Each structure stands twice: as C-alpha cells, then as structure tokens.
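Next comes model-v3.cif, a file with mmCIF, C-alpha atoms.
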data_work
#
loop_
_atom_site.label_atom_id
_atom_site.label_comp_id
_atom_site.auth_asym_id
_atom_site.auth_seq_id
_atom_site.Cartn_x
_atom_site.Cartn_y
_atom_site.Cartn_z
CA MET A 1 -110.48 -116.50 -186.71
CA ILE A 2 -108.81 -115.32 -189.91
CA ARG A 3 -107.18 -112.48 -188.01
CA THR A 4 -105.95 -114.90 -185.35
CA ILE A 5 -104.47 -117.27 -187.92
CA ALA A 6 -102.92 -114.34 -189.77
CA SER A 7 -101.40 -113.09 -186.52
CA ILE A 8 -99.92 -116.56 -185.92
CA PHE A 9 -98.16 -116.59 -189.27
CA ILE A 10 -97.04 -112.98 -189.02
CA THR A 11 -95.59 -113.54 -185.54
CA LEU A 12 -93.93 -116.80 -186.57
CA GLY A 13 -92.49 -115.15 -189.67
CA LEU A 14 -91.19 -112.26 -187.62
CA ILE A 15 -89.59 -114.50 -185.01
CA LEU A 16 -88.02 -116.84 -187.55
CA GLY A 17 -86.84 -113.91 -189.65
CA VAL A 18 -85.17 -112.23 -186.70
CA SER A 19 -83.74 -115.58 -185.55
CA PHE A 20 -82.07 -116.43 -188.83
CA TYR A 21 -80.84 -112.87 -189.32
CA GLU A 22 -79.33 -112.99 -185.84
CA ILE A 23 -77.48 -116.24 -186.56
CA HIS A 24 -76.27 -114.93 -189.91
CA TYR A 25 -75.24 -111.54 -188.52
CA VAL A 26 -73.39 -112.92 -185.51
CA GLN A 27 -71.53 -115.52 -187.59
CA THR A 28 -70.57 -113.09 -190.37
CA THR A 29 -69.42 -110.45 -187.94
CA PHE A 30 -67.28 -112.82 -185.94
CA GLN A 31 -65.83 -114.29 -189.14
CA THR A 32 -64.73 -110.81 -190.22
CA PHE A 33 -63.31 -110.12 -186.78
CA GLU A 34 -61.53 -113.48 -186.75
CA THR A 35 -59.95 -112.80 -190.14
CA ALA A 36 -58.62 -109.49 -188.82
CA LEU A 37 -57.32 -111.22 -185.69
CA ARG A 38 -55.59 -113.97 -187.69
CA SER A 39 -53.88 -111.33 -189.78
CA LEU A 40 -52.79 -109.56 -186.60
CA LYS A 41 -51.55 -112.88 -185.21
CA ASP A 42 -49.49 -113.61 -188.36
CA LYS A 43 -47.89 -110.19 -188.21
CA THR A 44 -47.19 -110.60 -184.50
CA GLU A 45 -45.58 -113.99 -185.05
CA HIS A 46 -43.35 -112.55 -187.76
CA GLY A 47 -42.57 -109.44 -185.71
CA THR A 48 -43.88 -107.13 -188.42
CA VAL A 49 -46.82 -105.88 -186.35
CA ASN A 50 -47.11 -102.36 -184.98
CA TYR A 51 -49.37 -100.50 -182.60
CA GLY A 52 -51.42 -99.11 -185.49
CA ASP A 53 -52.38 -102.64 -186.60
CA GLY A 54 -53.81 -103.26 -183.15
CA LEU A 55 -55.73 -100.00 -183.24
CA ALA A 56 -57.15 -100.92 -186.65
CA VAL A 57 -58.48 -104.20 -185.27
CA ARG A 58 -60.00 -102.36 -182.31
CA GLU A 59 -61.63 -99.84 -184.63
CA LEU A 60 -63.15 -102.69 -186.63
CA TRP A 61 -64.38 -104.33 -183.43
CA ASP A 62 -65.84 -101.09 -182.04
CA THR A 63 -67.85 -100.60 -185.23
CA LYS A 64 -69.20 -104.16 -185.14
CA LYS A 65 -69.79 -104.09 -181.38
CA MET A 66 -72.31 -101.26 -181.58
CA VAL A 67 -74.78 -103.47 -183.44
CA MET A 68 -73.69 -106.68 -181.73
CA HIS A 69 -75.11 -105.35 -178.43
CA VAL A 70 -78.56 -105.76 -179.96
CA TRP A 71 -78.03 -109.47 -180.57
CA ILE A 72 -75.95 -110.98 -177.83
CA PRO A 73 -75.57 -110.37 -174.08
CA HIS A 74 -73.06 -107.69 -173.18
CA ILE A 75 -70.82 -109.76 -170.91
CA PRO A 76 -69.13 -111.80 -173.70
CA LEU A 77 -68.56 -108.53 -175.56
CA GLN A 78 -66.89 -107.05 -172.48
CA GLU A 79 -64.62 -110.09 -172.34
CA ILE A 80 -63.52 -109.41 -175.93
CA ASP A 81 -62.95 -105.74 -175.07
CA TYR A 82 -60.79 -106.75 -172.13
CA GLN A 83 -58.65 -109.24 -174.06
CA LEU A 84 -58.31 -106.89 -177.04
CA ASP A 85 -57.21 -103.98 -174.85
CA GLU A 86 -54.58 -106.16 -173.23
CA ALA A 87 -53.29 -107.40 -176.58
CA ILE A 88 -53.06 -103.84 -177.92
CA GLY A 89 -51.30 -102.78 -174.72
CA TYR A 90 -48.64 -105.44 -175.29
CA LEU A 91 -48.28 -104.33 -178.91
CA TYR A 92 -47.78 -100.74 -177.70
CA VAL A 93 -44.87 -101.81 -175.50
CA GLU A 94 -43.72 -104.20 -178.24
CA GLU A 95 -44.03 -107.30 -176.07
CA TYR A 96 -45.16 -109.48 -178.95
CA SER A 97 -44.74 -112.78 -177.11
CA SER A 98 -47.21 -111.56 -174.46
CA ALA A 99 -49.62 -110.23 -177.08
CA LEU A 100 -49.80 -113.56 -178.92
CA PRO A 101 -51.70 -115.52 -176.21
CA LYS A 102 -54.19 -112.67 -175.93
CA ILE A 103 -54.78 -112.68 -179.68
CA GLU A 104 -55.15 -116.47 -179.54
CA VAL A 105 -57.82 -116.09 -176.81
CA LEU A 106 -59.63 -113.57 -179.01
CA ILE A 107 -59.55 -115.95 -181.98
CA GLY A 108 -60.95 -118.68 -179.74
CA LEU A 109 -63.75 -116.38 -178.56
CA SER A 110 -64.54 -115.42 -182.15
CA GLU A 111 -64.79 -119.07 -183.11
CA ASN A 112 -66.83 -120.20 -180.13
CA LEU A 113 -69.19 -117.30 -179.39
CA PRO A 114 -71.27 -117.65 -182.59
CA LYS A 115 -71.65 -121.38 -181.89
CA GLY A 116 -73.55 -120.46 -178.74
CA TYR A 117 -76.29 -118.89 -180.88
CA THR A 118 -76.95 -121.72 -183.32
CA PHE A 119 -79.86 -124.18 -183.14
CA HIS A 120 -78.19 -126.90 -181.15
CA VAL A 121 -79.64 -129.12 -178.40
CA GLY A 122 -76.87 -128.11 -176.03
CA ASN A 123 -77.71 -124.43 -176.53
CA ILE A 124 -81.45 -124.95 -176.10
CA LEU A 125 -81.23 -127.02 -172.94
CA MET B 1 -83.30 -115.28 -180.80
CA GLY B 2 -84.23 -118.67 -182.19
CA LEU B 3 -82.96 -120.19 -178.97
CA ILE B 4 -85.11 -117.81 -176.92
CA PHE B 5 -88.08 -118.85 -179.06
CA ILE B 6 -87.51 -122.58 -178.50
CA ARG B 7 -86.72 -122.12 -174.80
CA THR B 8 -89.88 -120.06 -174.30
CA VAL B 9 -91.94 -122.72 -176.10
CA ILE B 10 -90.47 -125.41 -173.82
CA ILE B 11 -91.11 -123.39 -170.65
CA PHE B 12 -94.65 -122.57 -171.78
CA ILE B 13 -95.54 -126.20 -172.53
CA THR B 14 -93.97 -127.43 -169.28
CA LEU B 15 -95.79 -124.83 -167.19
CA PHE B 16 -99.01 -125.51 -169.03
CA PHE B 17 -99.00 -129.24 -168.34
CA VAL B 18 -97.97 -128.72 -164.73
CA MET B 19 -100.93 -126.37 -164.29
CA ARG B 20 -103.28 -128.88 -165.90
CA LEU B 21 -101.97 -131.64 -163.65
CA MET B 22 -102.39 -129.51 -160.55
CA GLY B 23 -106.13 -129.36 -161.10
CA LYS B 24 -108.64 -126.63 -160.61
CA ARG B 25 -107.59 -125.58 -157.13
CA GLN B 26 -104.47 -123.87 -158.47
CA ILE B 27 -106.04 -122.23 -161.45
CA GLY B 28 -108.54 -119.84 -159.89
CA GLU B 29 -110.61 -118.07 -162.48
CA MET B 30 -108.36 -118.50 -165.50
CA GLN B 31 -107.94 -121.11 -168.16
CA PRO B 32 -104.72 -123.08 -167.59
CA TYR B 33 -102.94 -121.47 -170.52
CA GLU B 34 -103.97 -118.01 -169.36
CA PHE B 35 -102.55 -118.77 -165.95
CA VAL B 36 -99.28 -119.93 -167.52
CA ILE B 37 -99.05 -116.72 -169.52
CA THR B 38 -99.73 -114.64 -166.42
CA LEU B 39 -96.97 -116.49 -164.59
CA ILE B 40 -94.28 -116.03 -167.17
CA ILE B 41 -95.07 -112.78 -168.93
CA ALA B 42 -94.14 -110.53 -166.00
CA ASP B 43 -90.65 -111.99 -165.71
CA LEU B 44 -90.19 -112.02 -169.45
CA ALA B 45 -90.83 -108.31 -169.46
CA CYS B 46 -88.91 -107.46 -166.29
CA ILE B 47 -85.64 -109.35 -166.72
CA PRO B 48 -84.43 -107.72 -169.95
CA MET B 49 -85.83 -104.42 -168.71
CA ALA B 50 -83.86 -104.45 -165.47
CA ASP B 51 -80.78 -106.37 -166.58
CA THR B 52 -78.87 -104.07 -168.90
CA SER B 53 -76.44 -106.83 -169.86
CA THR B 54 -79.25 -108.67 -171.66
CA PRO B 55 -80.37 -107.33 -175.04
CA LEU B 56 -83.90 -105.97 -174.87
CA LEU B 57 -84.70 -107.95 -177.98
CA TYR B 58 -84.49 -111.15 -175.92
CA GLY B 59 -87.50 -110.03 -173.90
CA VAL B 60 -89.33 -108.83 -176.99
CA ILE B 61 -88.86 -112.18 -178.78
CA ALA B 62 -89.91 -114.16 -175.70
CA ILE B 63 -93.06 -112.05 -175.30
CA LEU B 64 -93.83 -112.40 -179.01
CA THR B 65 -93.40 -116.16 -178.62
CA VAL B 66 -95.88 -116.20 -175.75
CA TYR B 67 -98.31 -114.22 -177.89
CA PHE B 68 -97.76 -116.67 -180.76
CA LEU B 69 -98.46 -119.64 -178.47
CA HIS B 70 -101.53 -117.92 -177.04
CA GLN B 71 -102.93 -117.42 -180.53
CA ILE B 72 -102.29 -121.06 -181.42
CA VAL B 73 -104.00 -122.24 -178.23
CA CYS B 74 -106.95 -119.93 -179.00
CA VAL B 75 -107.34 -121.37 -182.49
CA LEU B 76 -107.14 -124.96 -181.20
CA ASP B 77 -109.54 -124.13 -178.38
CA LEU B 78 -112.13 -122.68 -180.75
CA SER B 79 -111.74 -125.17 -183.58
CA PHE B 80 -111.44 -128.60 -182.02
CA GLN B 81 -113.54 -129.98 -179.17
CA SER B 82 -110.96 -132.61 -178.28
CA ALA B 83 -108.23 -129.98 -178.17
CA LYS B 84 -110.44 -127.83 -175.96
CA THR B 85 -110.74 -130.70 -173.48
CA VAL B 86 -106.97 -131.18 -173.39
CA LEU B 87 -106.19 -127.48 -173.18
CA SER B 88 -108.88 -126.26 -170.83
CA GLY B 89 -110.07 -129.42 -169.11
CA ARG B 90 -113.63 -130.56 -168.55
CA THR B 91 -116.33 -129.35 -166.24
CA SER B 92 -116.42 -131.65 -163.20
CA VAL B 93 -119.79 -132.48 -161.69
CA VAL B 94 -118.86 -133.06 -158.06
CA ILE B 95 -122.38 -133.30 -156.61
CA ASN B 96 -125.18 -135.06 -158.41
CA LYS B 97 -128.50 -136.63 -157.41
CA ASN B 98 -126.61 -139.40 -155.58
CA GLY B 99 -124.52 -136.98 -153.57
CA ILE B 100 -120.82 -136.27 -153.77
CA ASP B 101 -118.87 -137.80 -156.65
CA ASP B 102 -115.65 -138.72 -154.90
CA SER B 103 -113.86 -139.67 -158.11
CA GLN B 104 -114.44 -136.21 -159.59
CA LEU B 105 -113.13 -134.57 -156.44
CA LYS B 106 -109.99 -136.69 -156.53
CA ALA B 107 -109.49 -136.01 -160.24
CA ASN B 108 -109.23 -132.34 -159.34
CA ASN B 109 -107.09 -132.83 -156.25
CA LEU B 110 -109.90 -131.65 -154.00
CA ASN B 111 -111.39 -133.14 -150.86
CA VAL B 112 -114.78 -132.90 -149.16
CA SER B 113 -113.67 -129.93 -147.03
CA ASP B 114 -112.78 -127.99 -150.17
CA LEU B 115 -116.17 -128.81 -151.63
CA ILE B 116 -118.00 -127.70 -148.49
CA GLN B 117 -115.97 -124.50 -148.47
CA SER B 118 -116.89 -123.85 -152.12
CA LEU B 119 -120.55 -124.48 -151.33
CA ARG B 120 -120.45 -122.07 -148.40
CA SER B 121 -118.86 -119.39 -150.57
CA GLN B 122 -121.92 -119.71 -152.83
CA GLY B 123 -124.35 -119.46 -149.90
CA TYR B 124 -125.13 -123.18 -149.53
CA PHE B 125 -124.28 -124.40 -146.06
CA SER B 126 -125.81 -127.84 -146.24
CA LEU B 127 -124.71 -130.57 -148.64
CA ASP B 128 -128.34 -131.54 -149.28
CA ALA B 129 -129.24 -127.98 -150.26
CA VAL B 130 -128.05 -128.56 -153.82
CA ASP B 131 -128.97 -131.02 -156.53
CA TYR B 132 -125.86 -130.44 -158.58
CA ALA B 133 -122.55 -128.74 -158.02
CA LEU B 134 -119.72 -128.42 -160.49
CA TYR B 135 -116.29 -126.96 -160.99
CA GLU B 136 -115.99 -125.23 -164.33
CA SER B 137 -112.85 -125.86 -166.38
CA GLU B 138 -111.37 -122.54 -165.29
CA GLY B 139 -111.94 -123.39 -161.60
CA ASN B 140 -115.16 -121.47 -160.94
CA PHE B 141 -117.70 -123.21 -158.74
CA SER B 142 -121.40 -123.39 -159.64
CA ALA B 143 -124.31 -125.09 -157.89
CA LEU B 144 -127.95 -125.77 -158.68
CA PRO B 145 -129.91 -125.46 -155.44
CA LYS B 146 -132.94 -127.51 -154.51
CA LYS B 147 -136.30 -125.80 -154.49
CA ASP B 148 -136.77 -124.00 -151.16
CA TYR B 149 -133.24 -124.90 -150.17
CA GLU B 150 -133.25 -122.20 -147.47
CA LYS B 151 -135.57 -124.37 -145.41
CA LEU B 152 -132.99 -127.17 -145.49
CA GLN B 153 -130.29 -125.11 -143.83
CA THR B 154 -131.59 -123.78 -140.56
CA SER B 155 -128.45 -124.57 -138.60
CA LEU B 156 -124.79 -124.72 -139.61
CA PRO B 157 -123.71 -128.30 -140.43
CA VAL B 158 -120.24 -129.36 -139.30
CA LEU B 159 -118.09 -132.22 -140.51
CA ILE B 160 -118.05 -135.14 -138.11
CA VAL B 161 -116.39 -137.66 -140.41
CA GLU B 162 -114.49 -136.82 -143.52
CA GLU B 163 -113.12 -139.60 -145.68
CA GLY B 164 -113.01 -142.13 -142.85
CA LYS B 165 -111.62 -139.84 -140.18
CA PHE B 166 -113.33 -138.14 -137.26
CA ASP B 167 -112.99 -134.40 -136.89
CA GLU B 168 -112.27 -134.33 -133.17
CA HIS B 169 -113.01 -130.65 -132.75
CA ASN B 170 -116.48 -131.00 -134.28
CA VAL B 171 -117.20 -134.19 -132.34
CA GLU B 172 -116.46 -132.23 -129.16
CA LEU B 173 -118.63 -129.36 -130.40
CA SER B 174 -121.58 -131.73 -130.76
CA LYS B 175 -121.17 -132.78 -127.09
CA ARG B 176 -121.12 -136.42 -128.13
CA ASP B 177 -118.25 -138.83 -128.49
CA GLU B 178 -116.91 -140.98 -131.28
CA HIS B 179 -118.70 -144.08 -129.92
CA TYR B 180 -122.03 -142.29 -130.22
CA PHE B 181 -121.37 -141.46 -133.87
CA LEU B 182 -120.05 -144.95 -134.60
CA GLY B 183 -123.38 -146.22 -133.28
CA VAL B 184 -125.24 -143.82 -135.56
CA LEU B 185 -123.22 -145.03 -138.52
CA LYS B 186 -123.91 -148.64 -137.60
CA ASP B 187 -127.63 -147.92 -137.34
CA HIS B 188 -127.47 -146.67 -140.92
CA GLY B 189 -125.71 -149.70 -142.28
CA CYS B 190 -122.12 -148.54 -142.14
CA ASP B 191 -119.90 -150.87 -140.12
CA GLU B 192 -116.55 -149.40 -141.00
CA LEU B 193 -115.53 -145.82 -140.42
CA LYS B 194 -113.15 -145.86 -143.37
CA LYS B 195 -116.10 -146.42 -145.73
CA VAL B 196 -117.61 -143.05 -144.81
CA LEU B 197 -117.03 -140.35 -147.38
CA VAL B 198 -118.78 -137.63 -145.42
CA PHE B 199 -120.90 -137.34 -142.34
CA THR B 200 -122.13 -133.94 -141.22
CA VAL B 201 -124.41 -132.91 -138.39
CA ASP B 202 -126.01 -129.55 -137.79
CA GLY B 203 -126.99 -128.05 -134.44
CA THR B 204 -130.43 -129.62 -134.51
CA GLY B 205 -129.13 -133.13 -135.18
CA LYS B 206 -129.96 -133.21 -138.87
CA SER B 207 -127.35 -135.43 -140.48
CA TYR B 208 -125.99 -136.01 -143.93
CA LEU B 209 -124.25 -139.32 -144.46
CA GLN B 210 -122.65 -140.63 -147.59
CA VAL B 211 -120.83 -143.91 -147.69
CA LYS B 212 -118.23 -144.22 -150.45
CA GLY B 213 -119.79 -145.42 -153.69
CA GLU B 214 -123.35 -145.12 -152.34
CA LYS B 215 -126.17 -142.60 -152.43
CA TYR B 216 -126.27 -140.07 -149.64
CA GLU B 217 -128.77 -140.28 -146.80
CA VAL B 218 -130.31 -137.51 -144.72
CA PHE B 219 -131.77 -138.28 -141.32
CA ASN B 220 -132.38 -136.68 -137.98
CA LEU B 221 -130.70 -137.72 -134.76
CA ASN B 222 -133.60 -136.30 -132.76
CA TRP B 223 -131.52 -134.36 -130.29
CA GLU B 224 -133.49 -132.96 -127.42
CA GLU B 225 -132.22 -129.46 -127.86
CA ALA B 226 -130.49 -127.51 -130.57
CA LEU B 227 -126.78 -127.22 -129.80
CA TRP B 228 -125.99 -124.22 -132.00
#
Give the structure from the file, written as structure tokens.
Amino acid sequence: MIRTIASIFITLGLILGVSFYEIHYVQTTFQTFETALRSLKDKTEHGTVNYGDGLAVRELWDTKKMVMHVWIPHIPLQEIDYQLDEAIGYLYVEEYSSALPKIEVLIGLSENLPKGYTFHVGNIL
Amino acid sequence: MGLIFIRTVIIFITLFFVMRLMGKRQIGEMQPYEFVITLIIADLACIPMADTSTPLLYGVIAILTVYFLHQIVCVLDLSFQSAKTVLSGRTSVVINKNGIDDSQLKANNLNVSDLIQSLRSQGYFSLDAVDYALYESEGNFSALPKKDYEKLQTSLPVLIVEEGKFDEHNVELSKRDEHYFLGVLKDHGCDELKKVLVFTVDGTGKSYLQVKGEKYEVFNLNWEEALW
C-alpha cells in the first residue's frame, strides 16, 4: 500500500513537473522569438533591414525549434518554418512591403501558439 | 502536457462510468477500470508511436496518467468498501431459493436467455439444477448446484416462454401449440402470459415455471413419450 501511494505521488509530481515546465518553456521560447520578430518588423518598416537580419532570426528559431519538437506537435512548427522562409525570401529580394505581412503572421503565431498549451477550458475540451 | 493529463483523466472517467453502466455483459473477466485501461492504453501507445507529427512525450504522459489513475483506483478499491462497490460493482445473485431474481438480471442488462446460456456454460442445463447462481463483479458466472443435480437434468430443457413471449421455434419442437401451453399455465395459476418470467420444458415434459415476483414451480406434463 505504501508503495502504491508513493507511486501515486511520484507519478503526479512527475506529470505536474513536466506540465509546468512545458508551459514555461513554450511561453519563454515564443516570447524570445516574438521579441526577435518585432525587432525585425521595426527594421523592415523603417527600411533598415537586410538579409542577414532575417537569417539571424531563422538561426534563433532553428536553435529553439530543436527542443520545441519535444513539447508541441510538429505541424505548427512547420507553419512557422514556412512563413519565416517566405519572409526571409522577400528580404533577400528587398521586397519589404511583402515581407511585413509574413512577419506579422509570425508574430501572431508566436502570440497565439503558447496560449494553446495553457490550462484553459477551451484547450481541455 | 498538463492538457494531455486532464484530457486523459476525463476520457478515463467517462469510459469507466460507461462501462459500469453497461453492466457485466460487456466487462467479461475484468474489473471495469481494468477494461477501461485495456481499451485506451493501446491507442495511447500507438498514436504517438505511428504519428511522427505528435511528440512522443504526449503518449508517455497519457500512459503515465493512466498508470496514476490505476494506482488511485487500486488504493480506493483496497481501502474503502463503499468505493469498492462504486468502482467494481456488487456481486449479483440472479438465482436464489425462490428461483430467478428478475430485478438483478435487469440491473445487469441481462435476460433469462443470457442466464440460461451462462448456466449451460457451467454445465447446468436445467434451471432447477442450482440453488444459487451469481454474476461476480468482474462478470464471471458462478453457481451452487443442488445435491445430485445430474439426476435433475436428464433431457435438455428449452425455453417455451421467456418474459411473456412464446418461443415459436421451441413450441414447434415440443410438437404442441401455444394453446396447449396456455392451458398448462392456467392449470398452474397463471392467467396472463405476460406475467410469466420463464417457462421451460425438457424432452420428457418436465417443466420449470416462474411467474414474475413468485417462487418457481417444477412439475411434469406427463408426456407419453420423450420427444428428445
């Protein structure tokens, strides 16, 4: 009986620990990514952006993405890859007005994706 | 992961109560919560395994949650009698000294045919061959036979009336008609067919009659020759 009760608490602790770490990790990572994206957006709006800035954001994302695969399904991550690649492509050809909507979509994804992993009735049901 | 935990808890509890409501027929030889675990654990393991777009950790957390719930149910089951009744159900005595307990059958979503089938699977072909019969909480069937019960089952009994309805095939098999059996019922104090819970006849004419809410009665129809 003691072993059973101990196993209950250990399992619960493990699950809750992983759960809260997941929420924290996903939110922190997307906050960092969003900050980078907002900086890229500001530069794009002011026309001071260059291709290297885009590559720097992608490098940051690629580093974060490796671990992010452990926590969230891969399809939303592929969507970010797709939008980011397009934005960087527009930066490469210096079409800043076309890059802006893509960066805006990425900021939206960074804001909304972590919300899908919080304890919320809508997410549970 | 927290969402997976809560969603797994919800699915587990829903499945568990559905299994309990379905009664013993659906459970087989497992406790309801064991059956629920069996149902969901395979998919929990397979989906993240086969679907590479889902993190493997989702499956691991869901399986850990099922284990966690199993341990909680085990503790409740062992520690509290009332919890045991809710979680595992009660043993249902479906045949007692008065015959078949219709209310217990209905509580488990079973009918007389199911009971007769369960008796046959245990080697008891006649309803009067046993003093007691019961369905255990996990769905197993047990019966306490009468002394020298083999002597009571010399010919295979067939259902003539089950819960107020004639079994036409068996009536034909007995080479009698419904009027004949209605007369037999009347002779034994039963005026309405719908009041009959069970009426069986074997090849020699030995009959088992139980009117709803009354004690069973065994009598012989004194047929001239054995029919089967």
- Query: For chain B against chain A, which residues fall within 10 Å using only C-alpha atoms, given as a PyMOL selection string?
  - Reply: chain B and resi 1-8+10+51-58+60-62+64-65+67-72+74-75+78-79
Would you put the residues from that selection into a file with C-alpha atoms, as a PDB file, in the frame of the given file?
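Written out: selection.pdb:
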ATOM      1  CA  MET B   1     -83.300-115.280-180.800  1.00  0.00           C
ATOM      2  CA  GLY B   2     -84.230-118.670-182.190  1.00  0.00           C
ATOM      3  CA  LEU B   3     -82.960-120.190-178.970  1.00  0.00           C
ATOM      4  CA  ILE B   4     -85.110-117.810-176.920  1.00  0.00           C
ATOM      5  CA  PHE B   5     -88.080-118.850-179.060  1.00  0.00           C
ATOM      6  CA  ILE B   6     -87.510-122.580-178.500  1.00  0.00           C
ATOM      7  CA  ARG B   7     -86.720-122.120-174.800  1.00  0.00           C
ATOM      8  CA  THR B   8     -89.880-120.060-174.300  1.00  0.00           C
ATOM      9  CA  ILE B  10     -90.470-125.410-173.820  1.00  0.00           C
ATOM     10  CA  ASP B  51     -80.780-106.370-166.580  1.00  0.00           C
ATOM     11  CA  THR B  52     -78.870-104.070-168.900  1.00  0.00           C
ATOM     12  CA  SER B  53     -76.440-106.830-169.860  1.00  0.00           C
ATOM     13  CA  THR B  54     -79.250-108.670-171.660  1.00  0.00           C
ATOM     14  CA  PRO B  55     -80.370-107.330-175.040  1.00  0.00           C
ATOM     15  CA  LEU B  56     -83.900-105.970-174.870  1.00  0.00           C
ATOM     16  CA  LEU B  57     -84.700-107.950-177.980  1.00  0.00           C
ATOM     17  CA  TYR B  58     -84.490-111.150-175.920  1.00  0.00           C
ATOM     18  CA  VAL B  60     -89.330-108.830-176.990  1.00  0.00           C
ATOM     19  CA  ILE B  61     -88.860-112.180-178.780  1.00  0.00           C
ATOM     20  CA  ALA B  62     -89.910-114.160-175.700  1.00  0.00           C
ATOM     21  CA  LEU B  64     -93.830-112.400-179.010  1.00  0.00           C
ATOM     22  CA  THR B  65     -93.400-116.160-178.620  1.00  0.00           C
ATOM     23  CA  TYR B  67     -98.310-114.220-177.890  1.00  0.00           C
ATOM     24  CA  PHE B  68     -97.760-116.670-180.760  1.00  0.00           C
ATOM     25  CA  LEU B  69     -98.460-119.640-178.470  1.00  0.00           C
ATOM     26  CA  HIS B  70    -101.530-117.920-177.040  1.00  0.00           C
ATOM     27  CA  GLN B  71    -102.930-117.420-180.530  1.00  0.00           C
ATOM     28  CA  ILE B  72    -102.290-121.060-181.420  1.00  0.00           C
ATOM     29  CA  CYS B  74    -106.950-119.930-179.000  1.00  0.00           C
ATOM     30  CA  VAL B  75    -107.340-121.370-182.490  1.00  0.00           C
ATOM     31  CA  LEU B  78    -112.130-122.680-180.750  1.00  0.00           C
ATOM     32  CA  SER B  79    -111.740-125.170-183.580  1.00  0.00           C
TER      33      SER B  79
END
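You can rank A:Ile107, A:Val26, A:Leu84, A:Leu91 by their closest distance to A:Asp53 using all atoms listed in the file, and at the top of that list sits A:Leu91.
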- Would you kindly translate the PyMOL selection byres ((chain B and resi 30-46) around 9) into the concrete residues it picks from this file, as a VMD selection string? chain B and resid 11 to 13 15 to 17 19 to 20 24 27 to 29 47 to 51 58 to 60 62 to 63 66 to 67 70 73 87 to 89 137 to 140
- Contacts of B:Val130 within 12 Å, only C-alpha atoms, excl. fewer than 6 positions in-chain, as JSON, numbers by chain: {"B": [94, 95, 96, 97, 98, 99, 100, 116, 119, 120, 122, 123, 124, 142, 143, 144, 145, 146, 147, 148, 149, 150, 152, 153]}
- Message: Can you spell out as a list of chain:residue names the set of residues that the PyMOL selection byres ((chain A and resi 55) around 12) selects in the structure I just provided?
- Response: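 Selected by the PyMOL selection byres ((chain A and resi 55) around 12) here: A:Ala36, A:Leu37, A:Leu40, A:Val49, A:Asn50, A:Tyr51, A:Gly52, A:Asp53, A:Gly54, A:Ala56, A:Val57, A:Arg58, A:Glu59, A:Leu60, A:Trp61, A:Asp62, A:Leu84, A:Asp85, A:Glu86, A:Ala87, A:Ile88, A:Gly89, A:Tyr90, A:Leu91, A:Tyr92.
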- Task: Kindly resolve the PyMOL selection byres ((chain A and resi 111) around 12) on the present coordinates and return the residues as a VMD selection string.
- Result: chain A and resid 26 to 35 37 to 38 104 to 110 112 to 117
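With atom CA of B:Asp131 on one side and atom CA of B:Gln81 on the other, the separation reads 27.4 Å.
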- In Å, how far is it from atom CA of A:Ile103 to atom CA of A:Tyr25?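 Here the two named atoms are 22.3 Å from each other.
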- Fewer than 3 positions away in the same chain doesn't count, so skip those; otherwise give me all residues within 12 Å of stretch 219-222 of chain B, counting all atoms listed in the file, as a list in words.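 These residues fall inside the cut-off: Asp128, Leu152, Ser174, Arg176, Tyr180, Phe181, Gly183, Val184, Leu185, Asp187, His188, Phe199, Thr200, Val201, Asp202, Gly203, Thr204, Gly205, Lys206, Ser207, Tyr208, Leu209, Gln210, Tyr216, Glu225, Ala226 and Leu227 of chain B.
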- Note on the structure: note - atom CA of B:Leu105 and atom CA of B:Lys194 are separated by 17.3 Å
Can you take stretch 85-104 of chain B from the block and write C-alpha atoms as a PDB file, in the first residue's frame?
ATOM      1  CA  THR B  85     -18.820  -1.039  -4.639  1.00  0.00           C
ATOM      2  CA  VAL B  86     -18.823   2.064  -6.828  1.00  0.00           C
ATOM      3  CA  LEU B  87     -15.657   1.126  -8.695  1.00  0.00           C
ATOM      4  CA  SER B  88     -16.104  -2.589  -9.151  1.00  0.00           C
ATOM      5  CA  GLY B  89     -19.816  -3.125  -8.621  1.00  0.00           C
ATOM      6  CA  ARG B  90     -21.506  -5.745  -6.476  1.00  0.00           C
ATOM      7  CA  THR B  91     -21.939  -9.445  -6.903  1.00  0.00           C
ATOM      8  CA  SER B  92     -25.441 -10.086  -8.274  1.00  0.00           C
ATOM      9  CA  VAL B  93     -27.313 -13.139  -7.030  1.00  0.00           C
ATOM     10  CA  VAL B  94     -29.511 -13.927 -10.021  1.00  0.00           C
ATOM     11  CA  ILE B  95     -30.857 -17.295  -8.848  1.00  0.00           C
ATOM     12  CA  ASN B  96     -31.809 -17.940  -5.254  1.00  0.00           C
ATOM     13  CA  LYS B  97     -34.054 -20.409  -3.431  1.00  0.00           C
ATOM     14  CA  ASN B  98     -37.113 -18.735  -4.976  1.00  0.00           C
ATOM     15  CA  GLY B  99     -35.792 -19.003  -8.498  1.00  0.00           C
ATOM     16  CA  ILE B 100     -34.639 -16.276 -10.845  1.00  0.00           C
ATOM     17  CA  ASP B 101     -34.287 -12.771  -9.445  1.00  0.00           C
ATOM     18  CA  ASP B 102     -35.550 -10.726 -12.356  1.00  0.00           C
ATOM     19  CA  SER B 103     -34.551  -7.406 -10.814  1.00  0.00           C
ATOM     20  CA  GLN B 104     -30.922  -8.495 -10.549  1.00  0.00           C
TER      21      GLN B 104
END
